[in-house]
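Engineer: The structure's right below; bear with me while I get my questions together.
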Amino acid sequence: MNGRYRPLVAASFFDRPAETVARELLGSFLVSDCGGKRCVGRIVETEAYPGPHDPASHAAAPIGRTARNDPMFGPPGTAYFHLNFGVHWCLNVVVGPEGYPAAVLIRAVEPLEGLETMRRRRPGRTDRELTSGPAKLTQALAIGPSLQRHRLSDAPLFITPGTKVPKSSVARTTRVGITKGTTKRWRFYDRRSGWVSRSERPR
DNA sequence: GAAACGATTATCT
DNA sequence: GATAATCGTTTCA
């Protein structure tokens, strides 16, 4: 059961350009029942990786389709988990038509429900540090590559409409931590939230 | 505070 | 063999 949260309609919402989905995902709720405890976060920061023309994408044109990026070619509304620096798992939502590699990275959420469980999973952290980064939130929600290609309309990990972020509160910047495609402003966040990862790393 | 840096491993050249 | 869509600790001001 999905409890009191109603799943998004996957096809219509996610089968659109990554930039559009990244902006509109702000304010949605990410619900995880993994590990037997319900944890809910409001999505406050995202990044778009819109296709093969994006040199920063794991599916950039020179790379093509490989074992690692294959989930990005899957149907819209499914999960793509990738490992970063050998240690951190990050969650992406696959968007656009099946067969076309595009995704939205979920960079930060604001804890709404299951705070005690998240604190137990990330001991010694302040509440702000629970979910204010792409690999922090996967730890707090106890999610990872066992959910590779999982449909994000189904338990135990799904996205629901949540509360809409007004246009005036949406900030748009360049993406964080990449070395290619650094001029594109494909990062979106809710400027009212205290859970946004501020790390804009200079190059 | 801000900035530097090491961890740790799959993936691609 | 180099690199990477990060995090957490240490170091310095």
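Chain identifiers are assigned as A, B, and so on, following the order in which chains appear in the structure tokens; residues are numbered from 1 within each chain, and ligands are numbered from 1 in order of appearance.
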Could you pull out the helix (DSSP H, G or I) residues of chain A, going by DSSP on the backbone, and write them as a PyMOL selection string?

Structural biologist: chain A and resi 10-14+18-25+34-36+70-73+115-121+128-131+134-140+145-147+167-169

Engineer: Taking only chain A into account, list the residues labelled strand (DSSP E or B) by DSSP (computed from the backbone), as a compact mmCIF listing (two decimals) with all heavy atoms, in the first residue's frame.

Structural biologist:
# COMPACT_ATOMS: atom_id res chain seq x y z
N PHE A 29 6.97 15.01 -3.44
CA PHE A 29 7.42 14.21 -2.32
C PHE A 29 8.05 12.91 -2.81
O PHE A 29 7.51 12.24 -3.68
CB PHE A 29 6.24 13.86 -1.39
CG PHE A 29 5.61 15.05 -0.74
CD1 PHE A 29 4.35 14.93 -0.16
CD2 PHE A 29 6.25 16.28 -0.68
CE1 PHE A 29 3.74 16.02 0.46
CE2 PHE A 29 5.66 17.37 -0.06
CZ PHE A 29 4.39 17.24 0.50
N LEU A 30 9.19 12.57 -2.22
CA LEU A 30 9.85 11.29 -2.49
C LEU A 30 9.59 10.41 -1.26
O LEU A 30 10.00 10.76 -0.15
CB LEU A 30 11.36 11.52 -2.70
CG LEU A 30 12.21 10.29 -2.99
CD1 LEU A 30 11.80 9.60 -4.29
CD2 LEU A 30 13.69 10.70 -3.07
N VAL A 31 8.90 9.30 -1.48
CA VAL A 31 8.46 8.43 -0.39
C VAL A 31 9.21 7.10 -0.46
O VAL A 31 9.21 6.45 -1.51
CB VAL A 31 6.95 8.17 -0.47
CG1 VAL A 31 6.49 7.35 0.73
CG2 VAL A 31 6.17 9.48 -0.55
N SER A 32 9.85 6.72 0.64
CA SER A 32 10.56 5.44 0.70
C SER A 32 10.06 4.62 1.88
O SER A 32 10.05 5.09 3.02
CB SER A 32 12.06 5.67 0.86
OG SER A 32 12.71 4.46 1.22
N CYS A 39 9.81 6.91 5.15
CA CYS A 39 10.51 8.20 5.20
C CYS A 39 10.09 9.00 3.99
O CYS A 39 10.04 8.48 2.88
CB CYS A 39 12.02 8.01 5.19
SG CYS A 39 12.67 7.26 6.70
N VAL A 40 9.78 10.29 4.22
CA VAL A 40 9.29 11.15 3.14
C VAL A 40 10.12 12.42 3.11
O VAL A 40 10.40 13.03 4.16
CB VAL A 40 7.80 11.51 3.36
CG1 VAL A 40 7.30 12.38 2.21
CG2 VAL A 40 6.96 10.25 3.49
N GLY A 41 10.52 12.82 1.91
CA GLY A 41 11.24 14.07 1.73
C GLY A 41 10.63 14.88 0.62
O GLY A 41 10.17 14.34 -0.39
N ARG A 42 10.62 16.20 0.80
CA ARG A 42 10.14 17.11 -0.25
C ARG A 42 11.33 17.48 -1.12
O ARG A 42 12.36 17.96 -0.61
CB ARG A 42 9.53 18.34 0.42
CG ARG A 42 8.98 19.37 -0.50
CD ARG A 42 8.29 20.48 0.30
NE ARG A 42 8.25 21.69 -0.48
CZ ARG A 42 9.21 22.62 -0.49
NH1 ARG A 42 10.27 22.49 0.28
NH2 ARG A 42 9.10 23.67 -1.26
N ILE A 43 11.21 17.26 -2.42
CA ILE A 43 12.32 17.51 -3.34
C ILE A 43 12.56 19.01 -3.47
O ILE A 43 11.64 19.76 -3.83
CB ILE A 43 12.03 16.89 -4.72
CG1 ILE A 43 11.93 15.36 -4.60
CG2 ILE A 43 13.12 17.27 -5.72
CD1 ILE A 43 11.47 14.65 -5.87
N VAL A 44 13.78 19.46 -3.15
CA VAL A 44 14.08 20.89 -3.18
C VAL A 44 15.24 21.25 -4.12
O VAL A 44 15.54 22.43 -4.30
CB VAL A 44 14.39 21.43 -1.76
CG1 VAL A 44 13.15 21.31 -0.87
CG2 VAL A 44 15.58 20.71 -1.14
N GLU A 45 15.90 20.26 -4.71
CA GLU A 45 17.02 20.55 -5.62
C GLU A 45 17.15 19.42 -6.63
O GLU A 45 17.16 18.25 -6.27
CB GLU A 45 18.32 20.69 -4.81
CG GLU A 45 19.52 21.03 -5.67
CD GLU A 45 20.80 21.19 -4.84
OE1 GLU A 45 20.72 21.17 -3.60
OE2 GLU A 45 21.87 21.32 -5.45
N THR A 46 17.26 19.81 -7.92
CA THR A 46 17.38 18.81 -9.00
C THR A 46 18.36 19.31 -10.06
O THR A 46 18.68 20.50 -10.12
CB THR A 46 16.02 18.58 -9.70
OG1 THR A 46 15.56 19.83 -10.23
CG2 THR A 46 14.99 18.01 -8.75
N GLU A 47 18.83 18.39 -10.88
CA GLU A 47 19.64 18.75 -12.05
C GLU A 47 19.18 17.93 -13.24
O GLU A 47 18.87 16.75 -13.11
CB GLU A 47 21.13 18.47 -11.81
CG GLU A 47 21.82 19.54 -10.99
CD GLU A 47 23.29 19.25 -10.74
OE1 GLU A 47 23.80 18.23 -11.23
OE2 GLU A 47 23.92 20.05 -10.04
N ALA A 48 19.16 18.59 -14.43
CA ALA A 48 18.76 17.90 -15.65
C ALA A 48 19.99 17.42 -16.42
O ALA A 48 20.98 18.16 -16.54
CB ALA A 48 17.94 18.85 -16.53
N TYR A 49 19.92 16.19 -16.91
CA TYR A 49 20.92 15.63 -17.82
C TYR A 49 20.15 15.20 -19.07
O TYR A 49 19.73 14.07 -19.20
CB TYR A 49 21.67 14.46 -17.15
CG TYR A 49 22.58 14.99 -16.06
CD1 TYR A 49 22.11 15.21 -14.77
CD2 TYR A 49 23.89 15.34 -16.35
CE1 TYR A 49 22.93 15.74 -13.79
CE2 TYR A 49 24.73 15.88 -15.39
CZ TYR A 49 24.24 16.08 -14.11
OH TYR A 49 25.06 16.63 -13.15
N THR A 78 11.29 5.69 -14.31
CA THR A 78 12.01 4.62 -13.62
C THR A 78 13.29 5.19 -13.01
O THR A 78 13.69 6.32 -13.29
CB THR A 78 12.36 3.46 -14.57
OG1 THR A 78 13.13 3.95 -15.67
CG2 THR A 78 11.10 2.81 -15.11
N ALA A 79 13.95 4.40 -12.15
CA ALA A 79 15.10 4.87 -11.40
C ALA A 79 16.41 4.50 -12.09
O ALA A 79 16.55 3.42 -12.65
CB ALA A 79 15.09 4.27 -9.99
N TYR A 80 17.36 5.45 -12.06
CA TYR A 80 18.74 5.16 -12.47
C TYR A 80 19.65 5.53 -11.29
O TYR A 80 19.75 6.71 -10.93
CB TYR A 80 19.11 5.96 -13.72
CG TYR A 80 20.60 6.00 -14.04
CD1 TYR A 80 21.36 4.84 -14.05
CD2 TYR A 80 21.24 7.21 -14.32
CE1 TYR A 80 22.72 4.88 -14.33
CE2 TYR A 80 22.60 7.26 -14.61
CZ TYR A 80 23.33 6.09 -14.62
OH TYR A 80 24.68 6.13 -14.90
N PHE A 81 20.25 4.53 -10.68
CA PHE A 81 21.21 4.79 -9.60
C PHE A 81 22.62 4.71 -10.18
O PHE A 81 22.94 3.80 -10.95
CB PHE A 81 21.08 3.72 -8.50
CG PHE A 81 19.89 3.93 -7.61
CD1 PHE A 81 18.68 3.33 -7.91
CD2 PHE A 81 19.98 4.72 -6.48
CE1 PHE A 81 17.56 3.53 -7.10
CE2 PHE A 81 18.88 4.91 -5.65
CZ PHE A 81 17.67 4.31 -5.97
N HIS A 82 23.47 5.69 -9.82
CA HIS A 82 24.87 5.61 -10.24
C HIS A 82 25.80 5.79 -9.05
O HIS A 82 25.46 6.46 -8.08
CB HIS A 82 25.18 6.64 -11.34
CG HIS A 82 25.38 8.02 -10.83
ND1 HIS A 82 24.35 8.91 -10.69
CD2 HIS A 82 26.49 8.68 -10.41
CE1 HIS A 82 24.81 10.05 -10.23
NE2 HIS A 82 26.10 9.95 -10.03
N LEU A 83 26.95 5.14 -9.13
CA LEU A 83 27.95 5.19 -8.07
C LEU A 83 28.96 6.28 -8.39
O LEU A 83 29.46 6.36 -9.50
CB LEU A 83 28.66 3.85 -7.96
CG LEU A 83 29.70 3.71 -6.84
CD1 LEU A 83 29.05 3.82 -5.47
CD2 LEU A 83 30.44 2.39 -6.97
N ASN A 84 29.24 7.12 -7.40
CA ASN A 84 30.14 8.23 -7.62
C ASN A 84 31.34 8.12 -6.69
O ASN A 84 31.20 7.85 -5.50
CB ASN A 84 29.40 9.54 -7.36
CG ASN A 84 29.99 10.66 -8.15
OD1 ASN A 84 31.04 10.52 -8.76
ND2 ASN A 84 29.32 11.78 -8.12
N HIS A 88 29.58 6.70 -3.25
CA HIS A 88 28.27 7.33 -3.06
C HIS A 88 27.28 6.91 -4.14
O HIS A 88 27.56 7.07 -5.33
CB HIS A 88 28.41 8.85 -3.11
CG HIS A 88 29.39 9.39 -2.11
ND1 HIS A 88 29.22 9.23 -0.76
CD2 HIS A 88 30.55 10.05 -2.26
CE1 HIS A 88 30.23 9.80 -0.12
NE2 HIS A 88 31.06 10.30 -1.01
N TRP A 89 26.11 6.44 -3.74
CA TRP A 89 25.04 6.14 -4.68
C TRP A 89 24.10 7.33 -4.79
O TRP A 89 23.71 7.90 -3.78
CB TRP A 89 24.26 4.90 -4.23
CG TRP A 89 25.04 3.64 -4.43
CD1 TRP A 89 25.74 2.95 -3.48
CD2 TRP A 89 25.22 2.93 -5.66
NE1 TRP A 89 26.34 1.85 -4.06
CE2 TRP A 89 26.04 1.81 -5.39
CE3 TRP A 89 24.77 3.13 -6.97
CZ2 TRP A 89 26.42 0.90 -6.39
CZ3 TRP A 89 25.15 2.22 -7.95
CH2 TRP A 89 25.97 1.12 -7.66
N CYS A 90 23.76 7.69 -6.04
CA CYS A 90 22.87 8.83 -6.27
C CYS A 90 21.67 8.39 -7.10
O CYS A 90 21.77 7.51 -7.96
CB CYS A 90 23.61 9.94 -7.02
SG CYS A 90 25.09 10.51 -6.16
N LEU A 91 20.52 9.03 -6.85
CA LEU A 91 19.25 8.67 -7.50
C LEU A 91 18.91 9.64 -8.63
O LEU A 91 18.90 10.85 -8.43
CB LEU A 91 18.11 8.67 -6.47
CG LEU A 91 16.69 8.58 -7.05
CD1 LEU A 91 16.46 7.23 -7.72
CD2 LEU A 91 15.66 8.82 -5.95
N ASN A 92 18.63 9.07 -9.80
CA ASN A 92 18.11 9.84 -10.93
C ASN A 92 16.75 9.29 -11.32
O ASN A 92 16.49 8.10 -11.16
CB ASN A 92 18.99 9.68 -12.17
CG ASN A 92 20.42 10.11 -11.96
OD1 ASN A 92 20.83 11.16 -12.41
ND2 ASN A 92 21.21 9.30 -11.27
N VAL A 93 15.89 10.17 -11.88
CA VAL A 93 14.64 9.75 -12.48
C VAL A 93 14.81 9.78 -13.99
O VAL A 93 15.19 10.81 -14.56
CB VAL A 93 13.49 10.69 -12.08
CG1 VAL A 93 12.17 10.16 -12.62
CG2 VAL A 93 13.42 10.84 -10.57
N VAL A 94 14.55 8.66 -14.64
CA VAL A 94 14.65 8.59 -16.10
C VAL A 94 13.47 9.34 -16.70
O VAL A 94 12.33 9.18 -16.25
CB VAL A 94 14.66 7.12 -16.57
CG1 VAL A 94 14.66 7.04 -18.10
CG2 VAL A 94 15.88 6.40 -15.99
N ALA A 103 17.79 12.09 -17.94
CA ALA A 103 17.48 11.83 -16.54
C ALA A 103 17.53 13.11 -15.73
O ALA A 103 18.09 14.12 -16.17
CB ALA A 103 18.46 10.82 -15.95
N VAL A 104 16.91 13.07 -14.56
CA VAL A 104 16.95 14.17 -13.60
C VAL A 104 17.56 13.64 -12.31
O VAL A 104 17.06 12.67 -11.73
CB VAL A 104 15.54 14.74 -13.33
CG1 VAL A 104 15.59 15.77 -12.21
CG2 VAL A 104 14.96 15.34 -14.61
N LEU A 105 18.66 14.27 -11.88
CA LEU A 105 19.31 13.89 -10.63
C LEU A 105 18.59 14.56 -9.46
O LEU A 105 18.39 15.77 -9.47
CB LEU A 105 20.78 14.33 -10.67
CG LEU A 105 21.58 14.21 -9.37
CD1 LEU A 105 21.76 12.76 -8.96
CD2 LEU A 105 22.95 14.89 -9.50
N ILE A 106 18.21 13.77 -8.47
CA ILE A 106 17.61 14.34 -7.25
C ILE A 106 18.75 14.71 -6.32
O ILE A 106 19.43 13.84 -5.78
CB ILE A 106 16.69 13.31 -6.56
CG1 ILE A 106 15.69 12.71 -7.55
CG2 ILE A 106 15.97 13.97 -5.38
CD1 ILE A 106 14.75 13.69 -8.17
N ARG A 107 19.00 16.02 -6.14
CA ARG A 107 20.17 16.46 -5.38
C ARG A 107 19.89 16.71 -3.90
O ARG A 107 20.82 16.65 -3.10
CB ARG A 107 20.75 17.75 -5.99
CG ARG A 107 21.57 17.52 -7.26
CD ARG A 107 22.42 18.76 -7.56
NE ARG A 107 23.27 19.09 -6.44
CZ ARG A 107 24.49 18.58 -6.26
NH1 ARG A 107 25.00 17.75 -7.14
NH2 ARG A 107 25.19 18.93 -5.20
N ALA A 108 18.66 17.05 -3.55
CA ALA A 108 18.38 17.30 -2.13
C ALA A 108 16.88 17.21 -1.88
O ALA A 108 16.07 17.54 -2.75
CB ALA A 108 18.89 18.68 -1.71
N VAL A 109 16.53 16.75 -0.68
CA VAL A 109 15.15 16.77 -0.22
C VAL A 109 15.11 17.35 1.19
O VAL A 109 16.14 17.42 1.86
CB VAL A 109 14.50 15.36 -0.22
CG1 VAL A 109 14.58 14.71 -1.59
CG2 VAL A 109 15.13 14.46 0.84
N GLU A 110 13.90 17.78 1.59
CA GLU A 110 13.69 18.33 2.92
C GLU A 110 12.88 17.31 3.72
O GLU A 110 11.79 16.93 3.29
CB GLU A 110 12.90 19.65 2.75
CG GLU A 110 12.75 20.47 3.98
CD GLU A 110 12.11 21.82 3.62
OE1 GLU A 110 12.56 22.47 2.66
OE2 GLU A 110 11.14 22.18 4.31
N PRO A 111 13.40 16.81 4.83
CA PRO A 111 12.71 15.74 5.56
C PRO A 111 11.33 16.16 6.04
O PRO A 111 11.17 17.24 6.62
CB PRO A 111 13.63 15.48 6.77
CG PRO A 111 14.95 16.06 6.40
CD PRO A 111 14.66 17.20 5.49
N LEU A 112 10.32 15.31 5.79
CA LEU A 112 8.96 15.61 6.21
C LEU A 112 8.44 14.58 7.20
O LEU A 112 7.68 14.90 8.11
CB LEU A 112 8.01 15.60 4.99
CG LEU A 112 8.14 16.69 3.96
CD1 LEU A 112 7.08 16.49 2.88
CD2 LEU A 112 7.98 18.05 4.60
N GLU A 113 8.83 13.34 7.02
CA GLU A 113 8.28 12.24 7.82
C GLU A 113 9.39 11.20 7.99
O GLU A 113 10.20 11.00 7.09
CB GLU A 113 7.09 11.62 7.07
CG GLU A 113 6.21 10.74 7.90
CD GLU A 113 5.01 10.22 7.11
OE1 GLU A 113 4.44 10.98 6.31
OE2 GLU A 113 4.66 9.05 7.29
N ARG A 151 10.22 1.23 -10.98
CA ARG A 151 9.20 2.20 -11.39
C ARG A 151 8.84 3.08 -10.20
O ARG A 151 8.35 2.57 -9.19
CB ARG A 151 7.95 1.49 -11.91
CG ARG A 151 8.11 1.00 -13.33
CD ARG A 151 6.85 0.32 -13.81
NE ARG A 151 5.68 0.68 -13.00
CZ ARG A 151 4.43 0.55 -13.43
NH1 ARG A 151 4.19 0.09 -14.63
NH2 ARG A 151 3.42 0.86 -12.64
N SER A 153 6.47 4.88 -9.53
CA SER A 153 5.06 5.01 -9.20
C SER A 153 4.63 3.91 -8.23
O SER A 153 3.49 3.88 -7.80
CB SER A 153 4.21 4.93 -10.48
OG SER A 153 4.56 3.78 -11.22
N ASP A 154 5.56 3.02 -7.88
CA ASP A 154 5.22 1.85 -7.07
C ASP A 154 5.99 1.81 -5.76
O ASP A 154 7.12 2.29 -5.68
CB ASP A 154 5.56 0.55 -7.85
CG ASP A 154 4.83 0.47 -9.18
OD1 ASP A 154 3.81 1.16 -9.34
OD2 ASP A 154 5.31 -0.27 -10.05
N LEU A 157 9.31 2.64 -3.33
CA LEU A 157 9.92 3.96 -3.56
C LEU A 157 9.13 4.66 -4.65
O LEU A 157 9.08 4.18 -5.79
CB LEU A 157 11.39 3.80 -3.99
CG LEU A 157 12.13 5.12 -4.27
CD1 LEU A 157 12.30 5.95 -3.02
CD2 LEU A 157 13.50 4.83 -4.88
N PHE A 158 8.50 5.77 -4.30
CA PHE A 158 7.67 6.44 -5.30
C PHE A 158 7.63 7.94 -5.07
O PHE A 158 8.04 8.44 -4.01
CB PHE A 158 6.25 5.84 -5.33
CG PHE A 158 5.54 5.87 -4.01
CD1 PHE A 158 4.69 6.90 -3.68
CD2 PHE A 158 5.72 4.84 -3.09
CE1 PHE A 158 4.02 6.93 -2.46
CE2 PHE A 158 5.07 4.85 -1.86
CZ PHE A 158 4.22 5.90 -1.54
N ILE A 159 7.14 8.65 -6.09
CA ILE A 159 7.07 10.12 -6.07
C ILE A 159 5.61 10.53 -6.18
O ILE A 159 4.87 9.98 -7.00
CB ILE A 159 7.90 10.71 -7.23
CG1 ILE A 159 9.38 10.37 -7.05
CG2 ILE A 159 7.70 12.22 -7.32
CD1 ILE A 159 10.25 10.78 -8.22
N THR A 160 5.21 11.49 -5.34
CA THR A 160 3.84 11.99 -5.38
C THR A 160 3.84 13.51 -5.58
O THR A 160 4.87 14.15 -5.40
CB THR A 160 3.09 11.66 -4.07
OG1 THR A 160 3.49 12.59 -3.07
CG2 THR A 160 3.40 10.25 -3.59
N VAL A 170 11.81 29.54 -7.47
CA VAL A 170 12.68 28.59 -8.17
C VAL A 170 13.94 29.30 -8.64
O VAL A 170 13.88 30.25 -9.42
CB VAL A 170 11.96 27.95 -9.37
CG1 VAL A 170 12.92 27.04 -10.13
CG2 VAL A 170 10.73 27.18 -8.91
N ALA A 171 15.09 28.85 -8.13
CA ALA A 171 16.38 29.38 -8.59
C ALA A 171 16.95 28.44 -9.64
O ALA A 171 16.74 27.23 -9.58
CB ALA A 171 17.34 29.51 -7.41
N ARG A 172 17.68 29.03 -10.59
CA ARG A 172 18.23 28.24 -11.70
C ARG A 172 19.71 28.60 -11.84
O ARG A 172 20.05 29.77 -12.01
CB ARG A 172 17.46 28.59 -12.96
CG ARG A 172 17.98 27.87 -14.17
CD ARG A 172 17.12 28.17 -15.39
NE ARG A 172 17.67 27.44 -16.50
CZ ARG A 172 17.01 27.14 -17.61
NH1 ARG A 172 15.79 27.55 -17.75
NH2 ARG A 172 17.59 26.46 -18.56
N THR A 173 20.59 27.61 -11.76
CA THR A 173 22.04 27.86 -11.82
C THR A 173 22.71 26.79 -12.68
O THR A 173 22.05 25.90 -13.21
CB THR A 173 22.68 27.81 -10.41
OG1 THR A 173 22.71 26.45 -9.97
CG2 THR A 173 21.91 28.65 -9.41
N ARG A 187 20.50 23.33 -13.24
CA ARG A 187 20.24 23.00 -11.84
C ARG A 187 19.10 23.89 -11.33
O ARG A 187 19.07 25.09 -11.63
CB ARG A 187 21.50 23.25 -11.00
CG ARG A 187 21.32 23.13 -9.49
CD ARG A 187 22.65 23.39 -8.79
NE ARG A 187 22.57 23.27 -7.35
CZ ARG A 187 22.88 24.26 -6.50
NH1 ARG A 187 23.26 25.44 -6.95
NH2 ARG A 187 22.81 24.07 -5.21
N PHE A 188 18.18 23.29 -10.62
CA PHE A 188 17.02 24.03 -10.10
C PHE A 188 16.91 23.77 -8.60
O PHE A 188 17.13 22.65 -8.15
CB PHE A 188 15.73 23.55 -10.78
CG PHE A 188 15.75 23.73 -12.27
CD1 PHE A 188 16.26 22.73 -13.10
CD2 PHE A 188 15.26 24.88 -12.85
CE1 PHE A 188 16.27 22.88 -14.48
CE2 PHE A 188 15.27 25.05 -14.24
CZ PHE A 188 15.79 24.05 -15.05
N TYR A 189 16.57 24.80 -7.82
CA TYR A 189 16.30 24.56 -6.41
C TYR A 189 15.30 25.55 -5.85
O TYR A 189 15.06 26.61 -6.44
CB TYR A 189 17.60 24.53 -5.58
CG TYR A 189 18.37 25.84 -5.51
CD1 TYR A 189 18.09 26.79 -4.53
CD2 TYR A 189 19.41 26.08 -6.39
CE1 TYR A 189 18.82 27.96 -4.43
CE2 TYR A 189 20.15 27.26 -6.31
CZ TYR A 189 19.85 28.20 -5.32
OH TYR A 189 20.57 29.35 -5.25
N ASP A 190 14.71 25.17 -4.72
CA ASP A 190 13.75 26.00 -4.01
C ASP A 190 14.53 26.91 -3.06
O ASP A 190 15.08 26.45 -2.07
CB ASP A 190 12.77 25.10 -3.24
CG ASP A 190 11.70 25.91 -2.50
OD1 ASP A 190 11.84 27.15 -2.39
OD2 ASP A 190 10.73 25.28 -2.05

Engineer: Can you tell me how far CA of Ser28 in chain A sits from CA of Pro101 in chain A, in Å to one decimal?

Structural biologist: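 Separating CA of Ser28 in chain A from CA of Pro101 in chain A is a distance of 22.6 Å.
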
Engineer: Near chain C, which residues of chain A fall within 8 Å when you count only C-alpha atoms (C1' of nucleotides), and what do they look like as a PDB file with N, CA, C and O atoms, in the first residue's frame?

Structural biologist:
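After the write, result13.pdb holds the following:
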ATOM      1  N   ALA A  56      28.251  16.349 -20.114  1.00  0.00           N
ATOM      2  CA  ALA A  56      28.371  15.899 -18.723  1.00  0.00           C
ATOM      3  C   ALA A  56      27.567  14.633 -18.454  1.00  0.00           C
ATOM      4  O   ALA A  56      27.713  14.012 -17.407  1.00  0.00           O
ATOM      5  N   SER A  57      26.718  14.255 -19.394  1.00  0.00           N
ATOM      6  CA  SER A  57      25.848  13.093 -19.173  1.00  0.00           C
ATOM      7  C   SER A  57      26.639  11.793 -19.217  1.00  0.00           C
ATOM      8  O   SER A  57      27.603  11.663 -19.977  1.00  0.00           O
ATOM      9  N   ASN A  84      29.235   7.117  -7.398  1.00  0.00           N
ATOM     10  CA  ASN A  84      30.137   8.232  -7.619  1.00  0.00           C
ATOM     11  C   ASN A  84      31.345   8.120  -6.686  1.00  0.00           C
ATOM     12  O   ASN A  84      31.196   7.854  -5.501  1.00  0.00           O
ATOM     13  N   PHE A  85      32.526   8.343  -7.214  1.00  0.00           N
ATOM     14  CA  PHE A  85      33.762   8.299  -6.439  1.00  0.00           C
ATOM     15  C   PHE A  85      33.891   6.987  -5.673  1.00  0.00           C
ATOM     16  O   PHE A  85      34.520   6.932  -4.620  1.00  0.00           O
ATOM     17  N   HIS A  88      29.576   6.695  -3.253  1.00  0.00           N
ATOM     18  CA  HIS A  88      28.272   7.330  -3.061  1.00  0.00           C
ATOM     19  C   HIS A  88      27.282   6.908  -4.143  1.00  0.00           C
ATOM     20  O   HIS A  88      27.556   7.067  -5.327  1.00  0.00           O
ATOM     21  N   LEU A 105      18.662  14.269 -11.884  1.00  0.00           N
ATOM     22  CA  LEU A 105      19.312  13.890 -10.630  1.00  0.00           C
ATOM     23  C   LEU A 105      18.592  14.556  -9.463  1.00  0.00           C
ATOM     24  O   LEU A 105      18.393  15.775  -9.471  1.00  0.00           O
ATOM     25  N   PRO A 134      22.972  14.694  -2.821  1.00  0.00           N
ATOM     26  CA  PRO A 134      22.449  13.540  -3.561  1.00  0.00           C
ATOM     27  C   PRO A 134      22.773  12.190  -2.920  1.00  0.00           C
ATOM     28  O   PRO A 134      21.944  11.273  -2.983  1.00  0.00           O
ATOM     29  N   ALA A 135      23.954  12.069  -2.302  1.00  0.00           N
ATOM     30  CA  ALA A 135      24.293  10.785  -1.676  1.00  0.00           C
ATOM     31  C   ALA A 135      23.835  10.739  -0.223  1.00  0.00           C
ATOM     32  O   ALA A 135      23.675   9.663   0.346  1.00  0.00           O
ATOM     33  N   VAL A 176      26.382  21.322 -10.401  1.00  0.00           N
ATOM     34  CA  VAL A 176      27.425  21.224  -9.382  1.00  0.00           C
ATOM     35  C   VAL A 176      28.346  20.035  -9.657  1.00  0.00           C
ATOM     36  O   VAL A 176      27.880  18.950 -10.017  1.00  0.00           O
ATOM     37  N   GLY A 177      29.656  20.276  -9.506  1.00  0.00           N
ATOM     38  CA  GLY A 177      30.585  19.143  -9.437  1.00  0.00           C
ATOM     39  C   GLY A 177      30.966  18.500 -10.748  1.00  0.00           C
ATOM     40  O   GLY A 177      31.616  17.459 -10.760  1.00  0.00           O
ATOM     41  N   ILE A 178      30.588  19.104 -11.874  1.00  0.00           N
ATOM     42  CA  ILE A 178      30.907  18.516 -13.167  1.00  0.00           C
ATOM     43  C   ILE A 178      32.083  19.258 -13.800  1.00  0.00           C
ATOM     44  O   ILE A 178      32.400  20.386 -13.419  1.00  0.00           O
TER      45      ILE A 178
END

Engineer: Output as a ChimeraX atom specification the set of chain B residues within 8 Å of chain A, with distances taken over only C-alpha atoms (C1' of nucleotides).

Structural biologist: /B:8-11

Engineer: So that I can see what lies close to Arg122 in chain A, please list as a list in words the residues with an atom at most 8 Å from it, counting only C-alpha atoms (C1' of nucleotides) and leaving out residues fewer than 3 positions away in the same chain.

Structural biologist: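 The neighbour list is Met118, Arg119, Arg125, Leu130, Gln139 and Ala140 of chain A.
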
Engineer: Suppose we keep N, CA, C and O atoms; can you now write the selection as a PDB file, in the first residue's frame?

Structural biologist:
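Saved as result_0.pdb:
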ATOM      1  N   MET A 118      15.667   8.533   9.870  1.00  0.00           N
ATOM      2  CA  MET A 118      16.767   9.143   9.110  1.00  0.00           C
ATOM      3  C   MET A 118      17.938   9.485  10.029  1.00  0.00           C
ATOM      4  O   MET A 118      19.090   9.288   9.668  1.00  0.00           O
ATOM      5  N   ARG A 119      17.640   9.981  11.212  1.00  0.00           N
ATOM      6  CA  ARG A 119      18.717  10.309  12.162  1.00  0.00           C
ATOM      7  C   ARG A 119      19.463   9.049  12.574  1.00  0.00           C
ATOM      8  O   ARG A 119      20.684   9.074  12.766  1.00  0.00           O
ATOM      9  N   ARG A 125      24.750  13.474  12.595  1.00  0.00           N
ATOM     10  CA  ARG A 125      24.521  14.585  11.663  1.00  0.00           C
ATOM     11  C   ARG A 125      23.425  15.503  12.198  1.00  0.00           C
ATOM     12  O   ARG A 125      22.502  15.055  12.864  1.00  0.00           O
ATOM     13  N   LEU A 130      21.012  15.654   7.043  1.00  0.00           N
ATOM     14  CA  LEU A 130      20.398  14.351   6.771  1.00  0.00           C
ATOM     15  C   LEU A 130      20.226  14.117   5.275  1.00  0.00           C
ATOM     16  O   LEU A 130      20.513  13.021   4.784  1.00  0.00           O
ATOM     17  N   GLN A 139      21.212   7.662   1.548  1.00  0.00           N
ATOM     18  CA  GLN A 139      21.482   7.007   2.832  1.00  0.00           C
ATOM     19  C   GLN A 139      20.299   7.166   3.774  1.00  0.00           C
ATOM     20  O   GLN A 139      19.857   6.200   4.403  1.00  0.00           O
ATOM     21  N   ALA A 140      19.773   8.384   3.866  1.00  0.00           N
ATOM     22  CA  ALA A 140      18.677   8.656   4.800  1.00  0.00           C
ATOM     23  C   ALA A 140      17.430   7.854   4.448  1.00  0.00           C
ATOM     24  O   ALA A 140      16.689   7.432   5.327  1.00  0.00           O
TER      25      ALA A 140
END

Engineer: Report, in Å to a single decimal, how far apart CA of Trp195 in chain A and CA of Glu116 in chain A are.

Structural biologist: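 Answer for the CA of Glu116 in chain A to CA of Trp195 in chain A separation: 17.0 Å.
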